[in-house]
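Source file: work-v9.pdb (PDB, C-alpha atoms)
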```pdb
ATOM      1  CA  MET A   1    -121.104  83.672  58.555
ATOM      2  CA  ALA A   2    -123.697  82.484  61.058
ATOM      3  CA  ILE A   3    -123.081  82.628  64.781
ATOM      4  CA  GLU A   4    -123.793  79.331  66.484
ATOM      5  CA  LEU A   5    -124.282  79.383  70.222
ATOM      6  CA  GLU A   6    -123.896  76.230  72.226
ATOM      7  CA  ALA A   7    -125.892  75.514  75.339
ATOM      8  CA  ARG A   8    -123.801  76.163  78.421
ATOM      9  CA  ALA A   9    -124.215  76.325  82.157
ATOM     10  CA  ASP A  10    -121.800  79.192  82.780
ATOM     11  CA  LEU A  11    -121.816  82.819  81.719
ATOM     12  CA  TRP A  12    -120.232  84.183  78.559
ATOM     13  CA  SER A  13    -117.021  86.198  78.837
ATOM     14  CA  GLU A  14    -115.454  89.014  76.860
ATOM     15  CA  GLU A  15    -113.030  86.477  75.391
ATOM     16  CA  ASP A  16    -115.947  84.279  74.272
ATOM     17  CA  LEU A  17    -117.635  87.237  72.605
ATOM     18  CA  LEU A  18    -114.464  88.381  70.833
ATOM     19  CA  ALA A  19    -113.969  84.860  69.454
ATOM     20  CA  PHE A  20    -117.268  85.076  67.515
ATOM     21  CA  PRO A  21    -116.915  85.314  63.738
ATOM     22  CA  GLU A  22    -117.659  88.692  62.163
ATOM     23  CA  SER A  23    -121.378  89.225  61.723
ATOM     24  CA  PRO A  24    -123.792  92.050  60.889
ATOM     25  CA  LEU A  25    -125.518  91.280  64.203
ATOM     26  CA  ARG A  26    -124.500  93.360  67.200
ATOM     27  CA  CYS A  27    -123.642  91.005  70.056
ATOM     28  CA  GLU A  28    -123.130  92.486  73.515
ATOM     29  CA  LEU A  29    -122.850  91.104  77.041
ATOM     30  CA  LEU A  30    -125.094  92.036  79.946
ATOM     31  CA  GLU A  31    -123.745  90.419  83.105
ATOM     32  CA  GLY A  32    -122.411  87.477  81.083
ATOM     33  CA  VAL A  33    -125.597  86.981  79.041
ATOM     34  CA  ILE A  34    -125.442  87.544  75.297
ATOM     35  CA  VAL A  35    -127.745  90.249  73.916
ATOM     36  CA  VAL A  36    -128.170  90.205  70.126
ATOM     37  CA  ASN A  37    -129.600  92.993  67.970
ATOM     38  CA  PRO A  38    -130.173  93.002  64.215
ATOM     39  CA  PRO A  39    -128.251  95.362  61.931
ATOM     40  CA  ALA A  40    -129.324  98.989  62.242
ATOM     41  CA  GLY A  41    -131.562 100.504  59.580
ATOM     42  CA  PHE A  42    -130.776 103.423  57.280
ATOM     43  CA  PRO A  43    -132.103 106.235  59.571
ATOM     44  CA  HIS A  44    -130.012 104.860  62.454
ATOM     45  CA  GLN A  45    -126.889 104.621  60.286
ATOM     46  CA  LYS A  46    -127.446 108.128  58.867
ATOM     47  CA  ALA A  47    -127.750 109.564  62.372
ATOM     48  CA  ALA A  48    -124.583 107.742  63.464
ATOM     49  CA  SER A  49    -122.648 109.022  60.454
ATOM     50  CA  GLU A  50    -123.785 112.631  60.914
ATOM     51  CA  LEU A  51    -123.020 112.588  64.640
ATOM     52  CA  HIS A  52    -119.661 110.931  64.046
ATOM     53  CA  LEU A  53    -118.704 113.695  61.600
ATOM     54  CA  ALA A  54    -119.974 116.497  63.858
ATOM     55  CA  LEU A  55    -118.264 115.143  66.959
ATOM     56  CA  GLY A  56    -115.051 114.470  65.057
ATOM     57  CA  ALA A  57    -114.993 118.048  63.777
ATOM     58  CA  ALA A  58    -115.606 119.441  67.267
ATOM     59  CA  CYS A  59    -113.100 117.250  69.137
ATOM     60  CA  PRO A  60    -110.030 118.995  70.493
ATOM     61  CA  PRO A  61    -106.614 117.613  69.520
ATOM     62  CA  GLY A  62    -105.942 114.163  70.941
ATOM     63  CA  PHE A  63    -109.600 113.133  71.184
ATOM     64  CA  VAL A  64    -110.911 110.594  68.663
ATOM     65  CA  THR A  65    -114.493 109.766  67.658
ATOM     66  CA  VAL A  66    -115.218 106.143  66.686
ATOM     67  CA  GLU A  67    -118.294 104.080  65.888
ATOM     68  CA  THR A  68    -119.188 100.647  67.268
ATOM     69  CA  VAL A  69    -116.202  99.870  69.474
ATOM     70  CA  GLY A  70    -116.697  97.788  72.613
ATOM     71  CA  VAL A  71    -116.708  99.178  76.158
ATOM     72  CA  ARG A  72    -115.741  96.826  79.001
ATOM     73  CA  LEU A  73    -117.940  97.279  82.074
ATOM     74  CA  ALA A  74    -117.999  95.689  85.512
ATOM     75  CA  GLY A  75    -119.946  92.526  86.224
ATOM     76  CA  GLY A  76    -119.287  90.751  82.928
ATOM     77  CA  SER A  77    -120.910  93.377  80.708
ATOM     78  CA  LEU A  78    -119.550  94.603  77.379
ATOM     79  CA  PHE A  79    -121.555  97.096  75.363
ATOM     80  CA  ILE A  80    -120.997  98.527  71.903
ATOM     81  CA  PRO A  81    -122.159 102.152  71.867
ATOM     82  CA  ASP A  82    -123.069 103.606  68.496
ATOM     83  CA  ILE A  83    -120.403 106.293  68.979
ATOM     84  CA  VAL A  84    -117.742 106.987  71.581
ATOM     85  CA  VAL A  85    -115.354 109.870  71.989
ATOM     86  CA  VAL A  86    -112.041 108.537  73.258
ATOM     87  CA  ARG A  87    -109.929 110.869  75.333
ATOM     88  CA  PRO A  88    -106.189 111.264  75.141
ATOM     89  CA  PRO A  89    -103.840 109.524  75.718
ATOM     90  CA  ALA A  90    -105.971 106.376  75.238
ATOM     91  CA  ALA A  91    -106.914 107.472  71.720
ATOM     92  CA  GLY A  92    -103.275 107.285  70.642
ATOM     93  CA  ARG A  93    -102.508 103.892  72.161
ATOM     94  CA  GLN A  94    -105.727 101.968  71.482
ATOM     95  CA  ARG A  95    -105.295  98.907  69.259
ATOM     96  CA  GLY A  96    -107.933  96.403  70.355
ATOM     97  CA  PRO A  97    -111.700  96.222  69.834
ATOM     98  CA  VAL A  98    -112.599  97.000  73.474
ATOM     99  CA  LEU A  99    -112.012 100.128  75.559
ATOM    100  CA  ASP A 100    -112.012 100.680  79.299
ATOM    101  CA  PRO A 101    -114.662 103.157  80.499
ATOM    102  CA  GLY A 102    -111.961 105.490  81.844
ATOM    103  CA  ASP A 103    -110.823 106.053  78.248
ATOM    104  CA  ILE A 104    -114.199 107.441  77.179
ATOM    105  CA  ALA A 105    -115.321 111.073  77.356
ATOM    106  CA  LEU A 106    -118.736 110.508  75.738
ATOM    107  CA  ALA A 107    -120.900 107.503  74.833
ATOM    108  CA  VAL A 108    -123.779 107.901  72.357
ATOM    109  CA  GLU A 109    -126.634 105.457  71.829
ATOM    110  CA  ILE A 110    -129.155 105.768  69.015
ATOM    111  CA  VAL A 111    -132.392 104.118  70.095
ATOM    112  CA  SER A 112    -133.695 101.399  67.779
ATOM    113  CA  PRO A 113    -136.946  99.435  68.056
ATOM    114  CA  GLY A 114    -135.130  96.496  69.664
ATOM    115  CA  SER A 115    -132.954  98.549  72.023
ATOM    116  CA  LYS A 116    -135.321 100.956  73.789
ATOM    117  CA  THR A 117    -134.974  99.546  77.306
ATOM    118  CA  MET A 118    -131.230  98.983  76.941
ATOM    119  CA  ASP A 119    -130.550 102.497  75.579
ATOM    120  CA  ARG A 120    -132.916 104.372  77.887
ATOM    121  CA  LEU A 121    -132.334 102.514  81.162
ATOM    122  CA  THR A 122    -129.760  99.722  81.283
ATOM    123  CA  LYS A 123    -126.852 101.217  79.366
ATOM    124  CA  PRO A 124    -127.003 104.681  80.968
ATOM    125  CA  ALA A 125    -127.068 103.125  84.444
ATOM    126  CA  LEU A 126    -124.025 100.972  83.718
ATOM    127  CA  TYR A 127    -122.161 103.752  81.874
ATOM    128  CA  ALA A 128    -122.775 106.067  84.845
ATOM    129  CA  GLY A 129    -121.660 103.355  87.273
ATOM    130  CA  ALA A 130    -118.463 102.993  85.252
ATOM    131  CA  GLY A 131    -117.799 106.750  85.457
ATOM    132  CA  ILE A 132    -118.248 107.718  81.784
ATOM    133  CA  PRO A 133    -118.759 111.474  82.200
ATOM    134  CA  ASP A 134    -121.161 112.195  79.332
ATOM    135  CA  TYR A 135    -123.929 110.205  77.646
ATOM    136  CA  TRP A 136    -126.182 111.156  74.743
ATOM    137  CA  ARG A 137    -129.366 109.336  73.787
ATOM    138  CA  VAL A 138    -130.709 109.884  70.294
ATOM    139  CA  GLU A 139    -134.397 109.202  69.656
ATOM    140  CA  LEU A 140    -135.241 108.940  65.962
ATOM    141  CA  ASP A 141    -138.981 108.310  66.382
ATOM    142  CA  GLU A 142    -139.429 111.637  68.143
ATOM    143  CA  GLY A 143    -138.196 114.081  65.633
ATOM    144  CA  PRO A 144    -135.120 113.294  65.889
ATOM    145  CA  LEU A 145    -134.241 114.245  69.458
ATOM    146  CA  ILE A 146    -130.859 114.331  71.206
ATOM    147  CA  VAL A 147    -130.879 114.190  74.998
ATOM    148  CA  ALA A 148    -127.518 115.005  76.603
ATOM    149  CA  TYR A 149    -126.646 113.829  80.106
ATOM    150  CA  ARG A 150    -123.720 114.583  82.417
ATOM    151  CA  LEU A 151    -122.538 112.440  85.289
ATOM    152  CA  ALA A 152    -123.264 113.958  88.703
ATOM    153  CA  GLU A 153    -122.998 112.100  92.003
ATOM    154  CA  GLY A 154    -122.941 108.679  90.357
ATOM    155  CA  SER A 155    -125.871 109.077  87.965
ATOM    156  CA  TYR A 156    -126.692 110.990  84.809
ATOM    157  CA  ARG A 157    -128.538 114.294  84.925
ATOM    158  CA  GLU A 158    -130.158 115.693  81.805
ATOM    159  CA  ILE A 159    -128.358 118.877  80.761
ATOM    160  CA  ALA A 160    -129.736 119.641  77.299
ATOM    161  CA  THR A 161    -132.080 118.507  74.538
ATOM    162  CA  ALA A 162    -132.102 119.314  70.850
ATOM    163  CA  ARG A 163    -134.549 118.890  67.996
ATOM    164  CA  PRO A 164    -134.286 119.953  64.354
ATOM    165  CA  GLY A 165    -133.990 123.737  64.282
ATOM    166  CA  GLN A 166    -133.122 123.817  68.009
ATOM    167  CA  PRO A 167    -129.391 123.013  68.028
ATOM    168  CA  LEU A 168    -127.556 121.248  70.795
ATOM    169  CA  HIS A 169    -125.060 123.687  72.290
ATOM    170  CA  LEU A 170    -122.682 122.295  74.915
ATOM    171  CA  ASP A 171    -119.314 123.231  76.378
ATOM    172  CA  GLU A 172    -118.521 119.783  77.840
ATOM    173  CA  PRO A 173    -116.859 117.410  77.133
ATOM    174  CA  PHE A 174    -115.788 120.054  74.562
ATOM    175  CA  PRO A 175    -117.608 122.888  72.783
ATOM    176  CA  ILE A 176    -120.138 121.668  70.224
ATOM    177  CA  LEU A 177    -123.034 123.186  68.322
ATOM    178  CA  PHE A 178    -125.058 120.632  66.377
ATOM    179  CA  ASP A 179    -128.505 120.683  64.773
ATOM    180  CA  PRO A 180    -130.210 117.249  64.584
ATOM    181  CA  ALA A 181    -131.897 118.397  61.352
ATOM    182  CA  SER A 182    -128.865 116.981  59.508
ATOM    183  CA  PHE A 183    -130.050 113.445  60.174
ATOM    184  CA  ASP A 184    -133.801 113.945  60.140
ATOM    185  CA  PRO A 185    -135.154 111.267  57.772
ATOM    186  CA  ALA A 186    -137.979 113.649  56.816
ATOM    187  CA  SER A 187    -135.432 116.127  55.438
ATOM    188  CA  SER A 188    -133.750 113.636  53.071
TER     189      SER A 188
END
```
What does the file become when written as structure tokens?
Amino acid sequence: MAIELEARADLWSEEDLLAFPESPLRCELLEGVIVVNPPAGFPHQKAASELHLALGAACPPGFVTVETVGVRLAGGSLFIPDIVVVRPPAAGRQRGPVLDPGDIALAVEIVSPGSKTMDRLTKPALYAGAGIPDYWRVELDEGPLIVAYRLAEGSYREIATARPGQPLHLDEPFPILFDPASFDPASS
């Protein structure tokens, strides 16, 4: 079903966005302005699936890993990270399509051609401002590459990087050892 947007003088709200019909397009809000991205390609989806499985296997009891759920942010923004790890007890009570940032232990964005600025600059700044403690950025054009960040004094600090054959080894938000080779398109 096509999404039809009417001309309007005011900003879009979370309620407006949630009233859209289902679509393969990813529609997000940045300060009340709709941002639309096309469906992700195969390499992006493969990376998301592999990370989802790895994070799910590493999560301690009570934590849940989900793909493409909304995150409500201040200032009329609502983003849909590729993957989030939801912390307890929110993971057990969540029923809607949108989470509060306090419910999230980790947000992961996989950079696509149309999302470079959002995933490298805008989203991390707003996730950090919302207090999400960990953020990972996955770059597929560079190898693939995972860059892990941890919140410190209101902004993210890079704590680790991983490439195929050089696994990501972290103890926070929980212990994980993961080699990005599992979603390297060149290895398929």
- Step by step, work through what the PyMOL selection byres ((chain A and resi 138) around 8) selects in the shown file, and finish by giving those residues as a PyMOL selection string. chain A and resi 108-111+136-137+139-140+144-147
The PyMOL selection byres ((chain A and resi 32-36) around 7) - which residues does that actually catch in the file I just gave you? List them as a CSV table (one decimal) with C-alpha atoms, in the coordinates of the input.
```csv
chain,number,residue,atom,x,y,z
A,11,LEU,CA,-121.8,82.8,81.7
A,12,TRP,CA,-120.2,84.2,78.6
A,13,SER,CA,-117.0,86.2,78.8
A,25,LEU,CA,-125.5,91.3,64.2
A,26,ARG,CA,-124.5,93.4,67.2
A,27,CYS,CA,-123.6,91.0,70.1
A,28,GLU,CA,-123.1,92.5,73.5
A,29,LEU,CA,-122.8,91.1,77.0
A,30,LEU,CA,-125.1,92.0,79.9
A,31,GLU,CA,-123.7,90.4,83.1
A,37,ASN,CA,-129.6,93.0,68.0
A,38,PRO,CA,-130.2,93.0,64.2
A,76,GLY,CA,-119.3,90.8,82.9
A,77,SER,CA,-120.9,93.4,80.7
```
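One distance worth recording is that between atom CA of Pro180 of chain A and atom CA of Ser112 of chain A, which is 16.5 Å.
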- Task: Go ahead and compute the interatomic distance for atom CA of Ala74 of chain A and atom CA of Leu126 of chain A, in Å to one decimal.
- Result: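 Going from atom CA of Ala74 of chain A over to atom CA of Leu126 of chain A, I get 8.2 Å.
Of the residues under consideration (A:Lys116, A:Thr65, A:Pro39, A:Thr161), A:Lys116 shows the shortest atom-to-atom contact distance to Asp141 of chain A when counting only C-alpha atoms.
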- Nearest to Pro97 of chain A among A:Ala152, A:Ala19, A:Ala57, A:Leu177, with distances taken over all atoms listed in the file: which residue is it?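 The answer is A:Ala19, which sits nearest to Pro97 of chain A.
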- Figure out the distance between atom CA of Val64 of chain A and atom CA of Pro88 of chain A, please, to one decimal in Å. 8.0 Å
- Message: Every residue with an atom at most 6 Å from (-116.5, 117.2, 69.2) (file coordinates; only C-alpha atoms) is what I'm after, so could you write them as an MDAnalysis selection string?
- Response: chainID A and resid 55:59 176
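Residues having any atom no farther than 10 Å from (-122.2, 111.3, 91.1) (counting only C-alpha atoms) are Ala128, Gly129, Gly131, Pro133, Arg150, Leu151, Ala152, Glu153, Gly154, Ser155, Tyr156 and Arg157 of chain A.
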- Nearby residues (all atoms listed in the file) at most 6 Å from Ala148 of chain A, same-chain spacing under 2 positions excluded, as a list in words: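 Residues meeting the cut-off are Trp136, Glu158, Ile159 and Ala160 of chain A.
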- From A:Leu170, A:Ala130, A:Leu53, A:Val85, residue lying nearest Leu73 of chain A [only C-alpha atoms]: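 Smallest distance to Leu73 of chain A is found for A:Ala130.
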As lines of an AutoDock Vina configuration file, please: the centre and edge lengths in Å, to one decimal, of an axis-aligned box enclosing every listed atom of segment 49-62 of chain A with 6 Å added on each side.
```
center_x = -114.9
center_y = 114.2
center_z = 65.7
size_x = 29.8
size_y = 22.4
size_z = 22.5
```
- Considering all atoms listed in the file, state which residue in the set A:Ala90, A:Ile104, A:Leu168, A:Ala162 is at the smallest distance from Gly62 of chain A.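 Counting all atoms listed in the file, the residue closest to Gly62 of chain A is A:Ala90.
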With the input short on atoms, add N, CA, C and O atoms back to segment 57-71 of chain A and write it as a PDB file, in the coordinates of the input.
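Final output, saved to out21.pdb:
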```pdb
ATOM      1  N   ALA A  57    -115.387 116.680  64.113  1.00  0.00           N
ATOM      2  CA  ALA A  57    -114.993 118.048  63.777  1.00  0.00           C
ATOM      3  C   ALA A  57    -114.858 118.922  65.019  1.00  0.00           C
ATOM      4  O   ALA A  57    -114.049 119.854  65.042  1.00  0.00           O
ATOM      5  N   ALA A  58    -115.624 118.628  66.053  1.00  0.00           N
ATOM      6  CA  ALA A  58    -115.606 119.441  67.267  1.00  0.00           C
ATOM      7  C   ALA A  58    -114.548 119.004  68.277  1.00  0.00           C
ATOM      8  O   ALA A  58    -114.182 119.784  69.159  1.00  0.00           O
ATOM      9  N   CYS A  59    -114.059 117.783  68.160  1.00  0.00           N
ATOM     10  CA  CYS A  59    -113.100 117.250  69.137  1.00  0.00           C
ATOM     11  C   CYS A  59    -111.822 118.074  69.185  1.00  0.00           C
ATOM     12  O   CYS A  59    -111.257 118.410  68.146  1.00  0.00           O
ATOM     13  N   PRO A  60    -111.337 118.349  70.388  1.00  0.00           N
ATOM     14  CA  PRO A  60    -110.030 118.995  70.493  1.00  0.00           C
ATOM     15  C   PRO A  60    -108.919 118.009  70.116  1.00  0.00           C
ATOM     16  O   PRO A  60    -109.159 116.801  70.045  1.00  0.00           O
ATOM     17  N   PRO A  61    -107.719 118.508  69.868  1.00  0.00           N
ATOM     18  CA  PRO A  61    -106.614 117.613  69.520  1.00  0.00           C
ATOM     19  C   PRO A  61    -106.426 116.512  70.564  1.00  0.00           C
ATOM     20  O   PRO A  61    -106.545 116.748  71.763  1.00  0.00           O
ATOM     21  N   GLY A  62    -106.169 115.311  70.072  1.00  0.00           N
ATOM     22  CA  GLY A  62    -105.942 114.163  70.941  1.00  0.00           C
ATOM     23  C   GLY A  62    -107.167 113.309  71.175  1.00  0.00           C
ATOM     24  O   GLY A  62    -107.062 112.133  71.488  1.00  0.00           O
ATOM     25  N   PHE A  63    -108.360 113.887  71.049  1.00  0.00           N
ATOM     26  CA  PHE A  63    -109.600 113.133  71.184  1.00  0.00           C
ATOM     27  C   PHE A  63    -109.913 112.475  69.841  1.00  0.00           C
ATOM     28  O   PHE A  63    -109.607 113.026  68.788  1.00  0.00           O
ATOM     29  N   VAL A  64    -110.554 111.313  69.878  1.00  0.00           N
ATOM     30  CA  VAL A  64    -110.911 110.594  68.663  1.00  0.00           C
ATOM     31  C   VAL A  64    -112.353 110.110  68.786  1.00  0.00           C
ATOM     32  O   VAL A  64    -112.755 109.599  69.837  1.00  0.00           O
ATOM     33  N   THR A  65    -113.119 110.246  67.712  1.00  0.00           N
ATOM     34  CA  THR A  65    -114.493 109.766  67.658  1.00  0.00           C
ATOM     35  C   THR A  65    -114.525 108.483  66.840  1.00  0.00           C
ATOM     36  O   THR A  65    -114.001 108.453  65.728  1.00  0.00           O
ATOM     37  N   VAL A  66    -115.118 107.420  67.396  1.00  0.00           N
ATOM     38  CA  VAL A  66    -115.218 106.143  66.686  1.00  0.00           C
ATOM     39  C   VAL A  66    -116.624 105.572  66.837  1.00  0.00           C
ATOM     40  O   VAL A  66    -117.328 105.856  67.796  1.00  0.00           O
ATOM     41  N   GLU A  67    -117.005 104.766  65.856  1.00  0.00           N
ATOM     42  CA  GLU A  67    -118.294 104.080  65.888  1.00  0.00           C
ATOM     43  C   GLU A  67    -118.092 102.618  66.247  1.00  0.00           C
ATOM     44  O   GLU A  67    -117.094 102.007  65.879  1.00  0.00           O
ATOM     45  N   THR A  68    -119.047 102.076  66.963  1.00  0.00           N
ATOM     46  CA  THR A  68    -119.188 100.647  67.268  1.00  0.00           C
ATOM     47  C   THR A  68    -117.924  99.961  67.768  1.00  0.00           C
ATOM     48  O   THR A  68    -117.540  98.908  67.288  1.00  0.00           O
ATOM     49  N   VAL A  69    -117.304 100.528  68.783  1.00  0.00           N
ATOM     50  CA  VAL A  69    -116.202  99.870  69.474  1.00  0.00           C
ATOM     51  C   VAL A  69    -116.733  99.422  70.835  1.00  0.00           C
ATOM     52  O   VAL A  69    -117.638 100.046  71.397  1.00  0.00           O
ATOM     53  N   GLY A  70    -116.212  98.325  71.352  1.00  0.00           N
ATOM     54  CA  GLY A  70    -116.697  97.788  72.613  1.00  0.00           C
ATOM     55  C   GLY A  70    -116.232  98.594  73.816  1.00  0.00           C
ATOM     56  O   GLY A  70    -115.169  99.210  73.802  1.00  0.00           O
ATOM     57  N   VAL A  71    -117.046  98.563  74.883  1.00  0.00           N
ATOM     58  CA  VAL A  71    -116.708  99.178  76.158  1.00  0.00           C
ATOM     59  C   VAL A  71    -116.865  98.113  77.240  1.00  0.00           C
ATOM     60  O   VAL A  71    -117.950  97.555  77.424  1.00  0.00           O
TER      61      VAL A  71
END
```
